[in-house]
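Text of the file upload38.csv, holding CSV, C-alpha atoms and all ligand atoms:
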chain,number,residue,atom,x,y,z
A,1,MET,CA,97.7,123.1,92.8
A,2,ASN,CA,101.3,124.4,92.7
A,3,SER,CA,104.2,122.4,91.3
A,4,THR,CA,105.4,121.4,94.7
A,5,ALA,CA,102.2,119.6,95.3
A,6,ALA,CA,102.6,117.6,92.1
A,7,LEU,CA,105.7,116.0,93.5
A,8,HIS,CA,103.9,114.6,96.5
A,9,ALA,CA,104.9,111.0,97.2
A,10,VAL,CA,101.4,109.7,97.0
A,11,ALA,CA,100.5,110.5,93.4
A,12,ASP,CA,97.0,109.0,93.5
A,13,ASP,CA,96.1,111.0,96.7
A,14,PRO,CA,96.2,114.6,95.4
A,15,ILE,CA,96.6,117.3,98.0
A,16,ASP,CA,93.6,119.5,98.7
A,17,ARG,CA,95.5,122.7,99.6
A,18,ALA,CA,92.5,124.9,100.2
A,19,ARG,CA,91.0,122.4,102.6
A,20,ALA,CA,94.3,122.0,104.4
A,21,MET,CA,94.5,125.8,104.9
A,22,VAL,CA,91.0,125.8,106.4
A,23,ALA,CA,92.0,123.0,108.7
A,24,VAL,CA,95.0,125.0,109.9
A,25,ALA,CA,92.9,128.1,110.5
A,26,ASP,CA,90.5,125.9,112.5
A,27,LEU,CA,93.3,124.5,114.5
A,28,LEU,CA,94.5,128.1,115.4
A,29,THR,CA,91.0,129.0,116.4
A,30,ALA,CA,90.6,125.8,118.5
A,31,LEU,CA,93.9,126.6,120.3
A,32,GLY,CA,92.4,130.0,121.3
A,33,TYR,CA,94.1,132.2,118.7
A,34,ASP,CA,92.4,134.7,116.4
A,35,ALA,CA,93.1,133.3,112.9
A,36,THR,CA,92.0,136.5,111.3
A,37,ASP,CA,94.6,138.6,113.1
A,38,GLU,CA,96.9,140.3,110.7
A,39,HIS,CA,99.9,138.4,112.1
A,40,LEU,CA,98.2,135.0,111.7
A,41,ILE,CA,96.2,135.6,108.5
A,42,ASP,CA,98.9,134.0,106.2
A,43,THR,CA,99.9,131.3,108.7
A,44,PRO,CA,97.6,128.6,107.3
A,45,ARG,CA,99.1,129.1,103.8
A,46,ARG,CA,102.6,129.0,105.2
A,47,VAL,CA,102.0,125.9,107.3
A,48,VAL,CA,100.4,124.0,104.4
A,49,ASP,CA,103.2,125.0,102.0
A,50,ALA,CA,105.8,123.9,104.5
A,51,LEU,CA,104.1,120.5,105.1
A,52,ILE,CA,103.8,119.9,101.4
A,53,ASP,CA,107.4,120.8,100.9
A,54,MET,CA,108.5,118.5,103.8
A,55,THR,CA,106.5,115.5,102.3
A,56,ALA,CA,107.6,115.8,98.7
A,57,SER,CA,110.6,114.3,97.0
A,58,GLU,CA,111.9,114.5,93.5
A,59,PRO,CA,111.0,111.4,91.5
A,60,PHE,CA,113.9,109.5,90.1
A,61,VAL,CA,114.7,106.3,88.4
A,62,MET,CA,117.1,103.9,90.1
A,63,THR,CA,119.3,103.2,87.1
A,64,THR,CA,121.8,100.4,87.7
A,65,PHE,CA,124.8,99.2,85.6
A,66,ALA,CA,126.7,96.0,85.2
A,67,ASN,CA,129.5,95.2,87.7
A,68,GLU,CA,131.9,94.3,85.0
A,69,GLU,CA,135.0,94.3,87.1
A,70,GLY,CA,133.4,92.1,89.7
A,71,TYR,CA,133.8,94.5,92.6
A,72,ASP,CA,132.9,92.5,95.7
A,73,GLU,CA,133.8,94.8,98.7
A,74,PRO,CA,131.3,97.1,100.5
A,75,VAL,CA,130.4,100.3,98.8
A,76,ALA,CA,129.5,102.8,101.5
A,77,VAL,CA,128.1,106.3,101.6
A,78,ARG,CA,128.1,107.8,105.1
A,79,GLY,CA,126.6,110.8,106.6
A,80,ILE,CA,123.7,111.4,104.2
A,81,ARG,CA,121.7,114.2,105.9
A,82,PHE,CA,118.0,113.9,106.0
A,83,THR,CA,114.9,115.6,107.6
A,84,SER,CA,111.7,113.7,108.0
A,85,LEU,CA,108.3,114.3,109.7
A,86,CYS,CA,107.3,112.1,112.6
A,87,GLU,CA,103.8,110.7,111.8
A,88,HIS,CA,102.8,110.7,115.4
A,89,HIS,CA,103.4,114.4,116.2
A,90,LEU,CA,104.0,116.1,112.8
A,91,LEU,CA,107.3,117.3,114.2
A,92,PRO,CA,110.6,116.9,112.4
A,93,PHE,CA,113.2,114.2,113.1
A,94,ARG,CA,116.5,114.6,111.4
A,95,GLY,CA,120.0,113.2,111.3
A,96,GLU,CA,122.2,111.1,109.1
A,97,VAL,CA,122.0,107.8,107.3
A,98,ASP,CA,124.9,105.5,106.4
A,99,VAL,CA,124.2,103.2,103.5
A,100,ALA,CA,126.3,100.4,102.3
A,101,TYR,CA,126.0,97.4,99.9
A,102,VAL,CA,128.1,94.6,98.7
A,103,PRO,CA,127.3,94.3,95.0
A,104,GLY,CA,126.2,91.3,93.1
A,105,SER,CA,126.0,91.7,89.3
A,106,ARG,CA,124.7,95.3,89.4
A,107,LEU,CA,126.1,98.6,90.7
A,108,VAL,CA,124.2,101.9,91.2
A,109,GLY,CA,125.4,105.5,91.0
A,110,LEU,CA,126.4,106.8,94.4
A,111,SER,CA,124.1,109.8,94.2
A,112,LYS,CA,121.2,107.4,93.9
A,113,LEU,CA,121.9,106.2,97.4
A,114,ALA,CA,121.2,109.7,98.7
A,115,ARG,CA,118.1,109.9,96.5
A,116,VAL,CA,116.7,106.7,98.0
A,117,VAL,CA,117.2,108.2,101.5
A,118,GLU,CA,115.4,111.3,100.4
A,119,ARG,CA,112.5,109.4,98.8
A,120,HIS,CA,111.8,107.6,102.1
A,121,ALA,CA,112.5,110.6,104.4
A,122,ARG,CA,110.3,113.2,102.8
A,123,ARG,CA,106.9,111.9,103.9
A,124,LEU,CA,105.2,111.2,107.2
A,125,GLN,CA,107.4,108.6,108.7
A,126,VAL,CA,108.7,106.7,111.7
A,127,GLN,CA,112.4,106.0,111.8
A,128,GLU,CA,112.2,102.3,112.1
A,129,ARG,CA,110.1,102.0,109.0
A,130,MET,CA,112.3,104.4,107.0
A,131,THR,CA,115.3,102.3,107.8
A,132,VAL,CA,113.6,99.1,106.6
A,133,GLN,CA,112.2,100.8,103.4
A,134,ILE,CA,115.7,102.1,102.4
A,135,ALA,CA,117.1,98.6,102.8
A,136,ASP,CA,114.2,97.0,100.9
A,137,GLU,CA,114.5,99.3,97.9
A,138,LEU,CA,118.2,98.7,97.6
A,139,GLU,CA,117.7,94.9,97.9
A,140,ASP,CA,114.9,95.0,95.2
A,141,ALA,CA,116.8,97.2,92.8
A,142,LEU,CA,120.3,95.7,93.1
A,143,ALA,CA,119.9,92.1,94.3
A,144,PRO,CA,123.2,92.8,96.2
A,145,ARG,CA,125.1,90.3,98.4
A,146,GLY,CA,124.3,92.5,101.3
A,147,VAL,CA,122.8,95.8,102.4
A,148,ALA,CA,123.4,97.8,105.5
A,149,VAL,CA,121.5,100.9,106.6
A,150,VAL,CA,122.2,102.8,109.8
A,151,VAL,CA,120.1,105.8,110.8
A,152,ARG,CA,120.9,108.2,113.6
A,153,ALA,CA,118.4,111.0,114.4
A,154,GLU,CA,117.2,113.6,116.8
A,155,HIS,CA,113.4,113.6,117.2
A,156,LEU,CA,112.0,117.0,118.1
A,157,CYS,CA,109.0,115.3,119.6
A,158,MET,CA,111.4,114.0,122.2
A,159,SER,CA,113.9,116.8,122.5
A,160,ILE,CA,111.6,119.9,122.7
A,161,ARG,CA,108.5,118.4,124.3
A,162,GLY,CA,107.5,115.5,126.5
A,163,VAL,CA,110.6,114.1,128.2
A,164,ARG,CA,112.8,116.9,126.7
A,165,THR,CA,116.0,114.9,126.1
A,166,PRO,CA,117.9,117.2,123.8
A,167,ASP,CA,121.0,115.0,123.4
A,168,ALA,CA,119.2,111.7,122.8
A,169,GLU,CA,120.1,110.1,119.6
A,170,THR,CA,117.8,107.4,118.2
A,171,ARG,CA,119.7,104.7,116.2
A,172,THR,CA,118.1,102.1,113.9
A,173,THR,CA,119.8,99.6,111.7
A,174,ALA,CA,119.0,97.1,108.9
A,175,PHE,CA,121.7,94.5,108.1
A,176,ARG,CA,120.9,92.1,105.3
A,177,GLY,CA,122.8,89.3,103.6
A,178,VAL,CA,126.5,89.3,104.2
A,179,PHE,CA,126.2,92.3,106.6
A,180,GLN,CA,124.0,90.1,108.8
A,181,SER,CA,126.2,86.9,108.6
A,182,ASP,CA,129.6,88.7,108.8
A,183,PRO,CA,129.5,91.6,111.4
A,184,GLU,CA,133.1,92.5,110.5
A,185,LEU,CA,131.8,94.0,107.2
A,186,ARG,CA,129.8,96.6,109.2
A,187,GLY,CA,133.1,98.3,109.8
A,188,ALA,CA,132.5,99.9,106.3
A,189,LEU,CA,130.0,102.1,108.0
A,190,ARG,CA,132.1,103.4,110.8
A,191,PRO,CA,132.8,107.1,110.4
A,192,ASP,CA,136.1,107.1,112.3
A,193,GLY,CA,137.4,103.7,113.4
A,194,PRO,CA,135.9,101.1,115.8
A,195,GLY,CA,133.4,102.0,118.4
A,196,ARG,CA,130.7,104.0,116.7
A,197,MET,CA,128.9,101.0,115.2
A,198,SER,CA,128.5,98.8,118.2
A,201,ZN,ZN,107.0,111.9,117.3

Could you write out this structure as structure tokens?
Ligand code: ZN
Amino acid sequence: MNSTAALHAVADDPIDRARAMVAVADLLTALGYDATDEHLIDTPRRVVDALIDMTASEPFVMTTFANEEGYDEPVAVRGIRFTSLCEHHLLPFRGEVDVAYVPGSRLVGLSKLARVVERHARRLQVQERMTVQIADELEDALAPRGVAVVVRAEHLCMSIRGVRTPDAETRTTAFRGVFQSDPELRGALRPDGPGRMS
């Protein structure tokens, strides 16, 4: 097992790389290709390595610190890029996440917000669940007065196959606490003035 595999999100479910390579070779054969052809011979290894890479994230500890100054306005990080892998088609979906929270007694380093996004993006996922998981983790770690997560993504399973809607953007949201009770606060997530967040 290589070092990438060791970072896999599901630690108690070790990756059987050799078996996965056999499975990809079988898939090529089943689709009518000659998996022993010189141009395809390394494809199973490449596919497995790519899948492992796309479903692994760097472990990190969500260190928080005291909100000594009593900051009580939204803290927002917008435009966090991510790529995930749709669990229905094993095709990527990718886009941007805006994350905001209104602190209670704890603050978190801003880079950790991007790390939380990566932790939940780099695995087999659906966008709706990813949105909720990001909000849940921030709620659990920070006990904030409110959390807001907005995800906008293009799904390759929609844009390059099936209905082929290349410009469709899928938007999901999670508004908790004061972001739920006071929609005005959601303005903290607007990239450039009113309109984008409706
Ligand atoms: Zn899909």

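Separating atom CA of Ile80 of chain A from atom CA of Ser57 of chain A is a distance of 15.2 Å.
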
Expected selection as JSON, numbers by chain for ligand ZN 201 (chain A) within 6 Å, all atoms listed in the file: {"A": [86, 88, 89, 157]}

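Contact shell of segment 159-175 of chain A at 7 Å (all atoms listed in the file; same-chain neighbours under 4 positions omitted): Glu128, Thr131, Val132, Ala135, Val147, Ala148, Val149, Val150, Val151, Arg152, Ala153, Glu154, His155, Phe179 and Gln180 of chain A.
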
Nearest candidate to Leu51 of chain A (options A:Arg123, A:Val97, A:Val102, A:Thr36; using all atoms listed in the file):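 Residue with the minimum atom-to-atom distance to Leu51 of chain A: A:Arg123.
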
Gap from atom CA of Val126 of chain A to atom CA of Thr29 of chain A - Å, one decimal: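 Interatomic distance, atom CA of Val126 of chain A to atom CA of Thr29 of chain A: 28.9 Å.
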
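Each of A:Leu142, A:Ala114, A:Met54, A:Leu28 was checked against Ala66 of chain A using all atoms listed in the file; the smallest atom-to-atom distance is that of A:Leu142.
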
Interatomic distance (Å, one decimal) between atom CA of Val178 of chain A and atom CA of Val77 of chain A: 17.3 Å
